[in-house]
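Here the structure comes first, spelled out in structure tokens, and everything after it is commentary.
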Amino acid sequence: MRRLSILWAALLLLLTGCGTQGPPSHSVTVIAMDTVMTITAYGNSESALELAQRRILELDSLLSVTDPDSQIYQLNHAGSHSLSPDAASLLSQALELCRRTGGLLDLTIYPVVRSWGFTTGQYAVPDRDTIAQLLAKVDYTQVGFDPTTNTATLPHGMELDLGSVAKGYTGDVLAALMAEHGVDSALLDLGGNIYAIGAKPDGSAWRIAIRDPLNPGSSLGVVSASNEVIITSGGYERYFEQDGVRYWHIIDPSTGFPARSGLSSVTIVGESGLYCDGLSTALFIMGMEGALDYWRANRDFEAILVSDSGAITVTPGLSDRFSTTQGHAVTVAEE
């Protein structure tokens with residue numbers, strides 16, 4: 001499910017302390033994957049930024065679910081398609097993440113999301129019969145993928161969308177590109193998916209502000225990060241209201257309705273953009289206890305979980321790296 005960064009995205013960048021005496025900075029902005037992406041790199045980075053811009057546009061053209069020339073569009077409409085190495089790698093990793101999250105991340109939820117209008121802007125609450133019919137075709141385990149030929153197949157009537165992990169994968173690709181070209185200090189904002197590459201030019205950690213889901217115009221707190229990805233999902237990002245009820249874009253694959261898990265936002269901090277991107281959605285659907293249980297079972301990421309009442313819980317690895325604003329209290333999860 002795509003997130004809209006034009007509403008201030010999920011995160012703000014705090015670039016304090018960069019000074020004017022450090023290496024020069026260079027930036028490029030690209031509109032792709034339904035959002036605005038900005039890359040800022042330091043030092044001799046012009047060639048890397050040019051290549052990064054090309055890669056973003058290339059991946060967008062491959063992975064779009066609405067572009068008739070994209071491989072995903074053609075897969076959805078033909079039921080079978082041979083994928084490029086990028087699309088094949090992303091699909092393979094995404095299917096594994098679907099499995100790891102017990103299907104709470106499900107690439108085939110796209111027709112249900114579309115029925116709510118989140119992909120078209122024509123918002124409406126679909127009737128339960130429509131949802132039931134669409135849910136009958138939601139099952140990531142039915143997606144076929146042959147790694148020897150990179151061929152993907154779908155049962156008749158099933159469609160998939162890689163939007164829930166596409167920006168994460170793109171960030172991973174760009175981070176590797178920066179490393180290959182010797183860029184060791186950069187900040188990638190891919191529509192709110194933040195990649196802190198290295199440290200700031202002065203050697204200090206990047207400081208990434210997390211949006212307050214209950215007061216989206218302000219910051220909840222700040223995470224210090226180096227060589228990490230910070231990605232947030234929340235019900236405030238894309239929603240509509242009907243008959244006094246708010247409906248958001250994070251859909252529970254078990255019900256076909258927006259997830260009502262008791263959480264208002266989930267921020268994931270880790271090393272893999274694809275992993276953090278998919279987890280931010282899945283853990284939002286799991287709810288507080290399910291998300292913490294998942295963290296205890298895996299321990300390969302950190303999380304900031306904000307309840308509907310505004311209570312903040314962080315995993316232990318962030319206890320000394322996350323500071324709140326406006327006097328918010330923070331609970332550190334038990335090991």
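Simple scheme: letters A, B, ... for chains in structure tokens order, numbers from 1 for residues in each chain, numbers from 1 for ligands in the order shown.
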Can I get the residues of range 16-107 of chain A within 8 Å of range 170-181 of chain A, each with the closest pair of atoms and their distance in Å to one decimal, using only C-alpha atoms, sorted chain first then ascending number, as a Markdown table?
```
| residue | atom | partner | partner_atom | distance |
| --- | --- | --- | --- | --- |
| A:Ser45 | CA | A:His181 | CA | 7.7 |
| A:Ala48 | CA | A:His181 | CA | 6.2 |
| A:Ala52 | CA | A:Leu174 | CA | 6.1 |
| A:Arg55 | CA | A:Leu174 | CA | 7.7 |
| A:Ile56 | CA | A:Thr170 | CA | 6.8 |
| A:Leu59 | CA | A:Thr170 | CA | 7.3 |
```
Go ahead and save the picked residues with N, CA and C atoms, as a PDB file, in the first residue's frame.
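Full text of result.pdb as output:
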```pdb
ATOM      1  N   SER A  45      29.746  13.206  -5.214  1.00  0.00           N
ATOM      2  CA  SER A  45      28.594  12.311  -5.355  1.00  0.00           C
ATOM      3  C   SER A  45      27.732  12.577  -6.584  1.00  0.00           C
ATOM      4  N   ALA A  48      27.005   9.487  -8.748  1.00  0.00           N
ATOM      5  CA  ALA A  48      26.146   8.530  -8.049  1.00  0.00           C
ATOM      6  C   ALA A  48      24.705   9.001  -8.046  1.00  0.00           C
ATOM      7  N   ALA A  52      21.482   7.143  -9.543  1.00  0.00           N
ATOM      8  CA  ALA A  52      20.367   6.856  -8.638  1.00  0.00           C
ATOM      9  C   ALA A  52      19.047   7.305  -9.250  1.00  0.00           C
ATOM     10  N   ARG A  55      18.010   4.821 -11.835  1.00  0.00           N
ATOM     11  CA  ARG A  55      17.550   3.556 -11.258  1.00  0.00           C
ATOM     12  C   ARG A  55      16.138   3.698 -10.693  1.00  0.00           C
ATOM     13  N   ILE A  56      15.850   4.823 -10.059  1.00  0.00           N
ATOM     14  CA  ILE A  56      14.507   5.034  -9.522  1.00  0.00           C
ATOM     15  C   ILE A  56      13.470   4.965 -10.637  1.00  0.00           C
ATOM     16  N   LEU A  59      13.085   1.380 -12.003  1.00  0.00           N
ATOM     17  CA  LEU A  59      12.307   0.507 -11.125  1.00  0.00           C
ATOM     18  C   LEU A  59      10.832   0.888 -11.148  1.00  0.00           C
TER      19      LEU A  59
END
```
* Residues of range 83-224 of chain A in strand (DSSP E), written as an MDAnalysis selection string -> chainID A and resid 144:146 151:153 185:190 193:198 206:211 219:224
Kindly save the residues from that selection, with C-alpha atoms included, as a short mmCIF file (atom, residue, chain, number, x, y, z; two decimals), in the first residue's frame.
```cif
data_model
loop_
_atom_site.label_atom_id
_atom_site.label_comp_id
_atom_site.auth_asym_id
_atom_site.auth_seq_id
_atom_site.Cartn_x
_atom_site.Cartn_y
_atom_site.Cartn_z
CA GLY A 144 3.74 -18.97 -8.58
CA PHE A 145 7.38 -18.11 -9.05
CA ASP A 146 10.04 -20.17 -10.82
CA THR A 151 8.64 -16.53 -14.36
CA ALA A 152 5.71 -15.50 -12.16
CA THR A 153 2.18 -16.87 -12.50
CA SER A 185 27.39 10.10 3.87
CA ALA A 186 23.92 10.52 2.40
CA LEU A 187 20.28 10.78 3.32
CA LEU A 188 17.58 9.21 1.14
CA ASP A 189 13.97 10.29 1.61
CA LEU A 190 11.90 7.98 -0.57
CA ASN A 193 11.11 5.95 3.83
CA ILE A 194 14.34 7.31 5.29
CA TYR A 195 17.79 5.82 4.64
CA ALA A 196 20.57 7.18 6.82
CA ILE A 197 23.73 6.22 4.96
CA GLY A 198 26.81 6.45 7.14
CA TRP A 206 21.59 11.50 11.71
CA ARG A 207 18.59 12.69 13.69
CA ILE A 208 15.30 11.58 12.14
CA ALA A 209 12.03 13.02 13.40
CA ILE A 210 9.02 10.74 13.72
CA ARG A 211 5.62 12.17 12.97
CA SER A 219 6.87 15.57 15.79
CA LEU A 220 6.51 12.68 18.23
CA GLY A 221 10.25 12.32 18.83
CA VAL A 222 13.64 11.88 17.23
CA VAL A 223 15.67 8.76 16.41
CA SER A 224 19.46 8.85 16.15
#
```
* Structure fact -> Lys167 in chain A proximity check over A:Phe301, A:Tyr275, A:Tyr140, A:Phe118, using only C-alpha atoms: winner is A:Tyr275
Sorted per-residue table, range 28-127 of chain A near range 241-257 of chain A, closest atoms and distance, 10 Å, only C-alpha atoms, as a Markdown table:
```
| residue | atom | partner | partner_atom | distance |
| --- | --- | --- | --- | --- |
| A:Gly103 | CA | A:Pro253 | CA | 7.6 |
| A:Leu104 | CA | A:Pro253 | CA | 6.3 |
| A:Leu105 | CA | A:Pro253 | CA | 7.8 |
| A:Asp106 | CA | A:Pro253 | CA | 6.9 |
| A:Leu107 | CA | A:Pro253 | CA | 9.7 |
| A:Thr108 | CA | A:Pro253 | CA | 9.0 |
| A:Ile109 | CA | A:Pro253 | CA | 6.5 |
| A:Tyr110 | CA | A:Ile251 | CA | 9.6 |
| A:Pro111 | CA | A:Gly256 | CA | 10.0 |
| A:Val112 | CA | A:Gly256 | CA | 6.4 |
| A:Val113 | CA | A:Ile251 | CA | 6.9 |
| A:Arg114 | CA | A:His249 | CA | 9.7 |
| A:Ser115 | CA | A:Gly256 | CA | 9.7 |
| A:Trp116 | CA | A:His249 | CA | 8.2 |
| A:Gly117 | CA | A:His249 | CA | 9.1 |
| A:Phe118 | CA | A:His249 | CA | 6.3 |
| A:Thr119 | CA | A:His249 | CA | 9.3 |
| A:Tyr123 | CA | A:Glu241 | CA | 8.8 |
| A:Ala124 | CA | A:Gln242 | CA | 7.6 |
| A:Val125 | CA | A:Gln242 | CA | 7.8 |
| A:Pro126 | CA | A:Phe257 | CA | 9.3 |
```
Mind writing the picked residues with C-alpha atoms as a JSON list (two decimals), in the first residue's frame?
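So the final result, stored in result.json, reads:
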```
[["chain", "number", "residue", "atom", "x", "y", "z"],
["A", 103, "GLY", "CA", 0.10, -13.48, 5.45],
["A", 104, "LEU", "CA", -0.56, -10.20, 7.27],
["A", 105, "LEU", "CA", 1.54, -8.76, 4.49],
["A", 106, "ASP", "CA", -0.16, -10.10, 1.37],
["A", 107, "LEU", "CA", 0.80, -8.85, -2.09],
["A", 108, "THR", "CA", -2.54, -10.00, -3.54],
["A", 109, "ILE", "CA", -4.67, -7.62, -1.41],
["A", 110, "TYR", "CA", -4.53, -5.06, -4.23],
["A", 111, "PRO", "CA", -8.09, -5.57, -5.62],
["A", 112, "VAL", "CA", -9.51, -5.09, -2.11],
["A", 113, "VAL", "CA", -7.53, -1.90, -1.59],
["A", 114, "ARG", "CA", -8.72, -0.68, -4.99],
["A", 115, "SER", "CA", -12.36, -1.37, -4.05],
["A", 116, "TRP", "CA", -12.02, 1.14, -1.19],
["A", 117, "GLY", "CA", -10.73, 3.75, -3.64],
["A", 118, "PHE", "CA", -7.25, 4.06, -2.18],
["A", 119, "THR", "CA", -5.61, 3.53, -5.57],
["A", 123, "TYR", "CA", -13.29, 6.62, -1.90],
["A", 124, "ALA", "CA", -16.27, 4.58, -0.74],
["A", 125, "VAL", "CA", -17.03, 1.76, 1.69],
["A", 126, "PRO", "CA", -17.60, -1.36, -0.43]]
```
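In this comparison, which uses only C-alpha atoms, the residue of A:Leu63, A:Leu91, A:Ala303, A:Ile230 approaching Gly191 in chain A most closely is A:Ile230.
For the residues A:Gln53, A:Asn227, A:Asn44, A:Ser164, ranking by smallest atom-to-atom distance to Val30 in chain A using only C-alpha atoms places A:Gln53 first.
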* helix (DSSP H, G or I) per DSSP on the backbone: members of range 45-290 of chain A, as an MDAnalysis selection string -> chainID A and resid 46:63 71:78 85:100 107:115 128:135 140:142 163:180 273:290
* Which of A:His156, A:Lys200, A:Arg99, A:Arg54 sits closest to Asp184 in chain A [using only C-alpha atoms] -> A:Lys200
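Remark: for Cys276 in chain A, the closest of the candidate residues A:Gly43, A:Gly168, A:Gly192, A:Gly157 is A:Gly168 (distances computed over only C-alpha atoms).
Using only C-alpha atoms, the shortest contact distance between Glu335 in chain A and any of A:Ala88, A:Leu292, A:Ala311, A:Val266 is found at A:Leu292.
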* To do: Work out how far CA of Thr141 in chain A is from CA of Met286 in chain A, in Å to one decimal.
  => 19.5 Å
* Fewer than 5 positions away in the same chain doesn't count, so skip those; otherwise give me all residues within 7 Å of Ser233 in chain A, counting only C-alpha atoms, as a ChimeraX atom specification. => /A:265-267,280-281
N, CA and C atoms of the current selection, written as a PDB file, in the first residue's frame:
```pdb
ATOM      1  N   SER A 265       0.348   4.123  14.790  1.00  0.00           N
ATOM      2  CA  SER A 265       1.498   4.113  13.882  1.00  0.00           C
ATOM      3  C   SER A 265       2.525   3.100  14.348  1.00  0.00           C
ATOM      4  N   VAL A 266       3.312   2.630  13.401  1.00  0.00           N
ATOM      5  CA  VAL A 266       4.420   1.706  13.645  1.00  0.00           C
ATOM      6  C   VAL A 266       5.626   2.209  12.881  1.00  0.00           C
ATOM      7  N   THR A 267       6.733   2.400  13.580  1.00  0.00           N
ATOM      8  CA  THR A 267       7.993   2.769  12.941  1.00  0.00           C
ATOM      9  C   THR A 267       8.977   1.615  13.111  1.00  0.00           C
ATOM     10  N   SER A 280       6.468  -2.719   8.577  1.00  0.00           N
ATOM     11  CA  SER A 280       5.700  -1.596   9.123  1.00  0.00           C
ATOM     12  C   SER A 280       4.203  -1.787   8.885  1.00  0.00           C
ATOM     13  N   THR A 281       3.857  -2.396   7.764  1.00  0.00           N
ATOM     14  CA  THR A 281       2.455  -2.710   7.477  1.00  0.00           C
ATOM     15  C   THR A 281       1.970  -3.897   8.299  1.00  0.00           C
TER      16      THR A 281
END
```
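Shell of Ser84 in chain A at 10 Å, with only C-alpha atoms counted and residues fewer than 3 places along the chain excluded, is A:Leu62, A:Gln71, A:His81, A:Ala87, A:Ala88, A:Ser89, A:Leu90, A:Thr149, A:Asn150, A:Thr151.
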* **Two-atom distance - CA of Asp308 in chain A, CA of Leu263 in chain A (Å)** => 5.1 Å
Spatial neighbours of Gly22 in chain A, 9 Å, only C-alpha atoms, chain gap at least 6 places, as a PDB file with all heavy atoms, in the first residue's frame:
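Output saved as around-v2.pdb:
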```
ATOM      1  N   TYR A  42      26.844  13.718   0.159  1.00  0.00           N
ATOM      2  CA  TYR A  42      27.946  14.619   0.477  1.00  0.00           C
ATOM      3  C   TYR A  42      29.232  14.140  -0.175  1.00  0.00           C
ATOM      4  O   TYR A  42      29.439  12.939  -0.385  1.00  0.00           O
ATOM      5  CB  TYR A  42      28.111  14.725   2.001  1.00  0.00           C
ATOM      6  CG  TYR A  42      26.902  15.367   2.644  1.00  0.00           C
ATOM      7  CD1 TYR A  42      25.777  14.612   2.943  1.00  0.00           C
ATOM      8  CD2 TYR A  42      26.872  16.740   2.895  1.00  0.00           C
ATOM      9  CE1 TYR A  42      24.648  15.211   3.485  1.00  0.00           C
ATOM     10  CE2 TYR A  42      25.756  17.340   3.440  1.00  0.00           C
ATOM     11  CZ  TYR A  42      24.640  16.578   3.733  1.00  0.00           C
ATOM     12  OH  TYR A  42      23.516  17.169   4.262  1.00  0.00           O
ATOM     13  N   GLY A  43      30.087  15.115  -0.487  1.00  0.00           N
ATOM     14  CA  GLY A  43      31.349  14.788  -1.131  1.00  0.00           C
ATOM     15  C   GLY A  43      31.197  14.677  -2.637  1.00  0.00           C
ATOM     16  O   GLY A  43      30.297  15.272  -3.243  1.00  0.00           O
ATOM     17  N   PRO A 201      28.207  14.455   7.818  1.00  0.00           N
ATOM     18  CA  PRO A 201      29.588  14.801   7.479  1.00  0.00           C
ATOM     19  C   PRO A 201      30.458  15.145   8.678  1.00  0.00           C
ATOM     20  O   PRO A 201      31.682  14.959   8.623  1.00  0.00           O
ATOM     21  CB  PRO A 201      29.416  16.021   6.560  1.00  0.00           C
ATOM     22  CG  PRO A 201      28.093  15.805   5.913  1.00  0.00           C
ATOM     23  CD  PRO A 201      27.232  15.195   6.991  1.00  0.00           C
ATOM     24  N   ASP A 202      29.859  15.612   9.778  1.00  0.00           N
ATOM     25  CA  ASP A 202      30.659  15.944  10.957  1.00  0.00           C
ATOM     26  C   ASP A 202      30.917  14.726  11.839  1.00  0.00           C
ATOM     27  O   ASP A 202      31.523  14.821  12.897  1.00  0.00           O
ATOM     28  CB  ASP A 202      30.001  17.056  11.775  1.00  0.00           C
ATOM     29  CG  ASP A 202      28.644  16.661  12.351  1.00  0.00           C
ATOM     30  OD1 ASP A 202      28.246  15.478  12.210  1.00  0.00           O
ATOM     31  OD2 ASP A 202      27.971  17.527  12.944  1.00  0.00           O
TER      32      ASP A 202
END
```
